[in-house]
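Here the structure is laid out as structure tokens; the discussion comes afterwards.
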Amino acid sequence: MSARTLEAGAAGHGAEPRGKRTEAGEATYLIAIAEALWEEMERDERVFLLGEDIGVYGGAFKVTEGFLERFGPERVMDTPIAEETITGMAIGAAMEGFRPVAEFQYADFMSSGFDMITTALGRYHYRSGVPLPVVLRGPSGGGVRASSFHSFNPEPWFAHSPGLKVICPAFPTDAKGLLKSAIRDDNPVIFLEHKWIYRRIKEVVPEDPDFLVPIGKARVVREGSDVSIVTYGMLVHWALEAAEQLEGRGISVEIVDLRTIQPLDTETVLRSVEKTSRVLVLYESHRFLGVGAEVAAQIAEGAFEHLDAPVMRLAPPNVPIPFSPTLEDAYLPQVPDIVAAVERLAAW
Amino acid sequence: MSARTLEAGAAGHGAEPRGKRTEAGEATYLIAIAEALWEEMERDERVFLLGEDIGVYGGAFKVTEGFLERFGPERVMDTPIAEETITGMAIGAAMEGFRPVAEFQYADFMSSGFDMITTALGRYHYRSGVPLPVVLRGPSGGGVRASSFHSFNPEPWFAHSPGLKVICPAFPTDAKGLLKSAIRDDNPVIFLEHKWIYRRIKEVVPEDPDFLVPIGKARVVREGSDVSIVTYGMLVHWALEAAEQLEGRGISVEIVDLRTIQPLDTETVLRSVEKTSRVLVLYESHRFLGVGAEVAAQIAEGAFEHLDAPVMRLAPPNVPIPFSPTLEDAYLPQVPDIVAAVERLAAW
Amino acid sequence: MATTADRRTAATDWRVGLSDERLREILYLLKLCRYVDERLEALYRQGRLPGAIYSGRGQEGTHVGVASALRKEDSLFPTHRDLSAQLTKGLDLKRVLAQFWGRIDGYTRGRDGNSHIGDWYGARTWTVMSHLPIAYPVACGAALAYKRRGEPRVAMAICGDGATSNGRWHEALNVSAIYRLPVVWVVNNNQYAYSTPNELEFPTGTIAERAAAYDMPGVRVDAQDVLEVYRVAHEAVERAREGGGPTLIESVSLRWRGHAGHDPARYVPRGLLEEYMENKDPVRRFQDLLLAHEVVDQAAVAEIDERVRRDFEEAYEFAQRSPFPVGEEVTMGLWVEDGYWRREPSREGGTEAS
Amino acid sequence: MATTADRRTAATDWRVGLSDERLREILYLLKLCRYVDERLEALYRQGRLPGAIYSGRGQEGTHVGVASALRKEDSLFPTHRDLSAQLTKGLDLKRVLAQFWGRIDGYTRGRDGNSHIGDWYGARTWTVMSHLPIAYPVACGAALAYKRRGEPRVAMAICGDGATSNGRWHEALNVSAIYRLPVVWVVNNNQYAYSTPNELEFPTGTIAERAAAYDMPGVRVDAQDVLEVYRVAHEAVERAREGGGPTLIESVSLRWRGHAGHDPARYVPRGLLEEYMENKDPVRRFQDLLLAHEVVDQAAVAEIDERVRRDFEEAYEFAQRSPFPVGEEVTMGLWVEDGYWRREPSREGGTEAS
Ligand SMILES: Cc1ncc(C[n+]2csc(CCOP(=O)(O)OP(=O)(O)O)c2C)c(N)n1
Ligand SMILES: Cc1ncc(C[n+]2csc(CCOP(=O)(O)OP(=O)(O)O)c2C)c(N)n1
Ligand SMILES: [Mg+2]
Ligand SMILES: [Mg+2]
């Protein structure tokens, strides 16, 4: 740990995110994200935050709690409810040498800044040569009974739109390492934090302020030999649970956590499929043209000779995410659905 | 032809779209679209048009030329440059019983109304039960040297977003019949007109004012036995040209024109693949998570046992559409690229 | 900019043309809205209410005042904060609570929760969406329809102070003025957007003065006085109805509670909050007014309180008894043609041909 | 609302502080912009120019006037219509024409055409995007950077009258006022958005008066008088530079030509057009002014005309000789790390390590 970080920790009097780890040194996904932001702000004064209610309030999910006190209102800017302009300001500041990180209160509201994100942020560098080191981050995903406008997975929209890297981490360590990489990346990055994971998943997360996880690399989070599950985000955890159950039934499951959606790590995916010859593509964005459509198409094209069963997809239908527990549970692929799909594949 | 239509034709003194057919009675794709609008406005006074410069000017592409004179400014409304509000007005008027058809000057600017389209228009009925018979139409696609902001194919964004039907016709007859169906449909429809086709493709188009083409049905536009090409829009015409060349080389190509992207006619696609066992998915939206990703994934899952070769995709890369002829030609799949891909498949 | 309250003190008709019956109904609505708000919060805190709550407490003067100015056939386009306005416009509390508990008898049949509610075919209200202020442009479309058909109807939209910084707000006001649409724009200025105070939302002293940029009348009204809000809204609604075009109303109050159930709202200065709760309570103030003018006596007030409690309990029981929607129907009702919304909910949580 | 021109007639300094040299440079720029515009149109009509043209003719008073008020280190965020402002800010005509012809030496290396151009590291201008007015919020970000670093720099954004009806316009003005950013908002009111006249774009008599809704100064200026435009812009720029916050400038002219090359603009009343072309030509007017004050004589004017012609011919030759970009590199330059934009264009249309 560098002297600078220690000093910052000291300055924070335990209010800084690292002070919020458990006794055992574990950090939740949320705290890991806060640490990433904090460390990068300590490291590089060109990094600043902007967004709605991130200052005095510390953000709707409290990711930036304590940041205003440490970094001041110029680097932790509360903005009006104007997503096009939040994004626009980030672009303009990036053009002038800053490295803005904008928080969207929910990733759902990225649709309110959509034109600025896809047209301006995504397409500017290709036409002008001007790098735009901008990170747009926000809580995405369902499973928390938050219904249609607070559960969306916008990653397919952005992964399709040229010029945007898209990251969807599933673990605290990845979240921290990838967010730090995103902030240091010279390209625009959409960083989607899964709100179901925020406070549920903890692990001992590296403290080295230069710990990074590379963008664009998937990770095999569980080795197995019978069936591959390719997934990301919250469903990694559900797939892990399903894999445990399947283990008991004699089916060995390998799980690939994509981590980055754009650019996609096709190689790691294909390697797993070549090994198992059977694959379930599991994803949370709507099925039709959701992330898994691309993954499945790439597998179908790239691993054709290795497949012993059709590339199977499991994903929510293309309907708005409903509120009622009965409906949301029917909407999201549940652990038993994953188990059943893998069994079908294994028996093919 | 009904008496009403005749009368309308008479009233128009040849300014109405039907008066713009060729001597042989052929209509361009553009005129076929104008006829559809005209006939539906004659038929149902709840139908009205709104958009930028559609009245006095007759629309940037002149689709609505002569409409203001016939239907008046209340039914042919020139609006300010406010795509969120154009869409919002269409929604509100639809809630109160109208059937608005909004023109986007270019489909590119649908991103400027994105939130209202995907959040409000797409998700309202599922949550409220209120039908929203709204059509949003606009010229999409490239191949005309119009560069990044006048060549976009937004169909993947909308086909992924729940609650929107998405139509991309390739022929004048389909354009007319599908637009009429869209206007009579009680759901929101995104109707994308390919500007490369507008004035290039002509055919004798039915005059029966109740001629409709059903939404959600693909069409085999060329029968063949060796390789299927599944495509839509402008590339249908390029595929037809490639098929001619391939015929000469002894390869028989079947071409499926999807016509509707959402809902997708999986059945017709699978039937063709079952027949040929080899398929090229050809599309104009960016490759990664473009329309063909879903089509390829569905084929990989649904026709697994029938495939003699991998599901191959041919599509532009995920970069902004460039202006320079050398670059745009490298960006779009060209006829020789299609020929080469089919040859590879046939030789598999 | 002075609020209209200053002006009305000089006016003679304290009851702004309303009958005793309507005044008592307004008192009932104010008390109902307050009570529903308090009970939902209590249930939320006890962990007995799923999802979210967005308290409108302290803003009943705005909500009841503006919505009371509408006729049944007029339409209302509110936000998350405006349940009280929807109740005033005629939502059935039973179905409201069924919605909060995710049941099939809720207005959205369990597809949405809390105040993301609406009842187009009955109370004529928009089913709230989160994205701010997404219903503003939609209200233009409804108003356009009234104008086109020459119907004497009006659309009213409500949003918060924070939502005025969004581009949609400008687009909608602009278009409504260009086409002179029969629409009334209400801004519920409760002084905060979540934790963000007015000063970080807009640079002018008031929101009402921005009406000049749209060449429409702008009025600022103090929402502690529900009758004043009503009067101002009524004037705007009737002007719109008669073809006089849109009006912007800024109705000022304070959000007494946090943005949502989890928010303790420590960012609101204690003194400001106390001032509003103690001296500017629209409900108490109106009750005192009716008592003073002898439109009600203590017994009548007690009766209203009892009615409010009974209405809530009945609705609560109804909601708890209403079944959850069946998971099998999750994909239905996306397209009109599947008929989902034309069928009636069954007692098993599905739908059946009626 | 009266324009500022009325006020300045009383002012003593007709040259608004500009040296003879600067005045002559402004005349050169006015004539260059006019000539480029005319030549591009002629080439377009002859089928010798691919893509689109968006003529700024008749609006040179606005473009040259506002951009002349900027220093080199200030930034400019224009639209499709504002090539003349970009030329004034310092774009190299050679590379401009290379862009029009889709060549590798164009500012976008053939990735975009026509006035969708910019030069961030040189002239400090935004590479224009179509979506209106998408650069307005971006200008806020640049201005924020200047303010944060305490740099005496200013961002200026230009958009058309029609773009003011878009939500982004409101958001950007609002935010700039809240944060008191060093930015100057210019609206090139050429009276039409494509075929749509001002009356269908906004309800007020002027755009300048809308500045009140953002608590910033609003000025309306008649663009036939380039020096008046310059004076007003200079005042706004220097106020912003000194921490005085944003200004809204509405500069009024008429679009002499159609929206784009294909548009005959029949919707513009003939009389209005004639009035502007004959009596309100900013180029002719300024030339006459300099002749009258003997800052130039006829010989100097002829020399300027000659310089303009020569500059265009040289640039045209350069553009025609510049190679097309090679198709193989179409996917490059999307991500910074591929190094495309750090390499120099080669004479074969590719790029090479420098
Ligand atoms: C476009 C958009 N961005 C962000 C949010 C998240 N959000 C929900 S309510 C709220 C504050 C709203 O403030 P205001 O408009 O004053 O309404 P209030 O809640 O005070 O009634 C925010 C930021 C949203 N709903 N929509
Ligand atoms: C968001 C958006 N919608 C539509 C268009 C298509 N369009 C291009 S220029 C134009 C008219 C612009 O008018 P104005 O702002 O007055 O600028 P001018 O061209 O007159 O300079 C339109 C509608 C666009 N560029 N952006
Ligand atoms: Mg508020
Ligand atoms: Mg204009």
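For the structure tokens, the naming scheme is as follows: chains receive sequential letters (A, B, ...) according to their order of presentation, residues are indexed from 1 within each chain, and ligands are indexed from 1 in presentation order.
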Who sits within 8 Å of C:Ala163, only C-alpha atoms, same chain under 5 positions skipped, as a PyMOL selection string | (chain A and resi 81) or (chain C and resi 132-133+169+193)
Would you save the residues from that selection as a PDB file, in the first residue's frame, using C-alpha atoms?
```pdb
ATOM      1  CA  ILE A  81     -31.963  15.557 -13.221  1.00  0.00           C
TER       2      ILE A  81
ATOM      3  CA  LEU C 132     -38.842  12.261 -15.139  1.00  0.00           C
ATOM      4  CA  PRO C 133     -40.913  13.993 -16.382  1.00  0.00           C
ATOM      5  CA  TRP C 169     -40.053  19.605 -19.387  1.00  0.00           C
ATOM      6  CA  ALA C 193     -35.279  16.613  -5.640  1.00  0.00           C
TER       7      ALA C 193
END
```
Return as a ChimeraX atom specification the residues belonging to chain A that are within 10 Å of chain D, counting only C-alpha atoms.
-> /A:46,74-75,79-98,100,113,115-116,119-133,162-165,185-188
Throw together the list of residues within 6 Å of ligand 4, counting only C-alpha atoms and all ligand atoms, and drop it here as a ChimeraX atom specification.
-> /D:160-162,189-193
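Minimum atom-to-atom distance to ligand 2, evaluated using only C-alpha atoms and all ligand atoms, belongs to D:Asn166 out of D:Thr125, D:Ser68, D:Gln86, D:Asn166.
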Selection as a PyMOL selection string: residues within 12 Å of ligand 3 by only C-alpha atoms and all ligand atoms = (chain A and resi 80-81) or (chain C and resi 54-56+58-59+79-82+132-133+158-165+187-201+207+250-260)
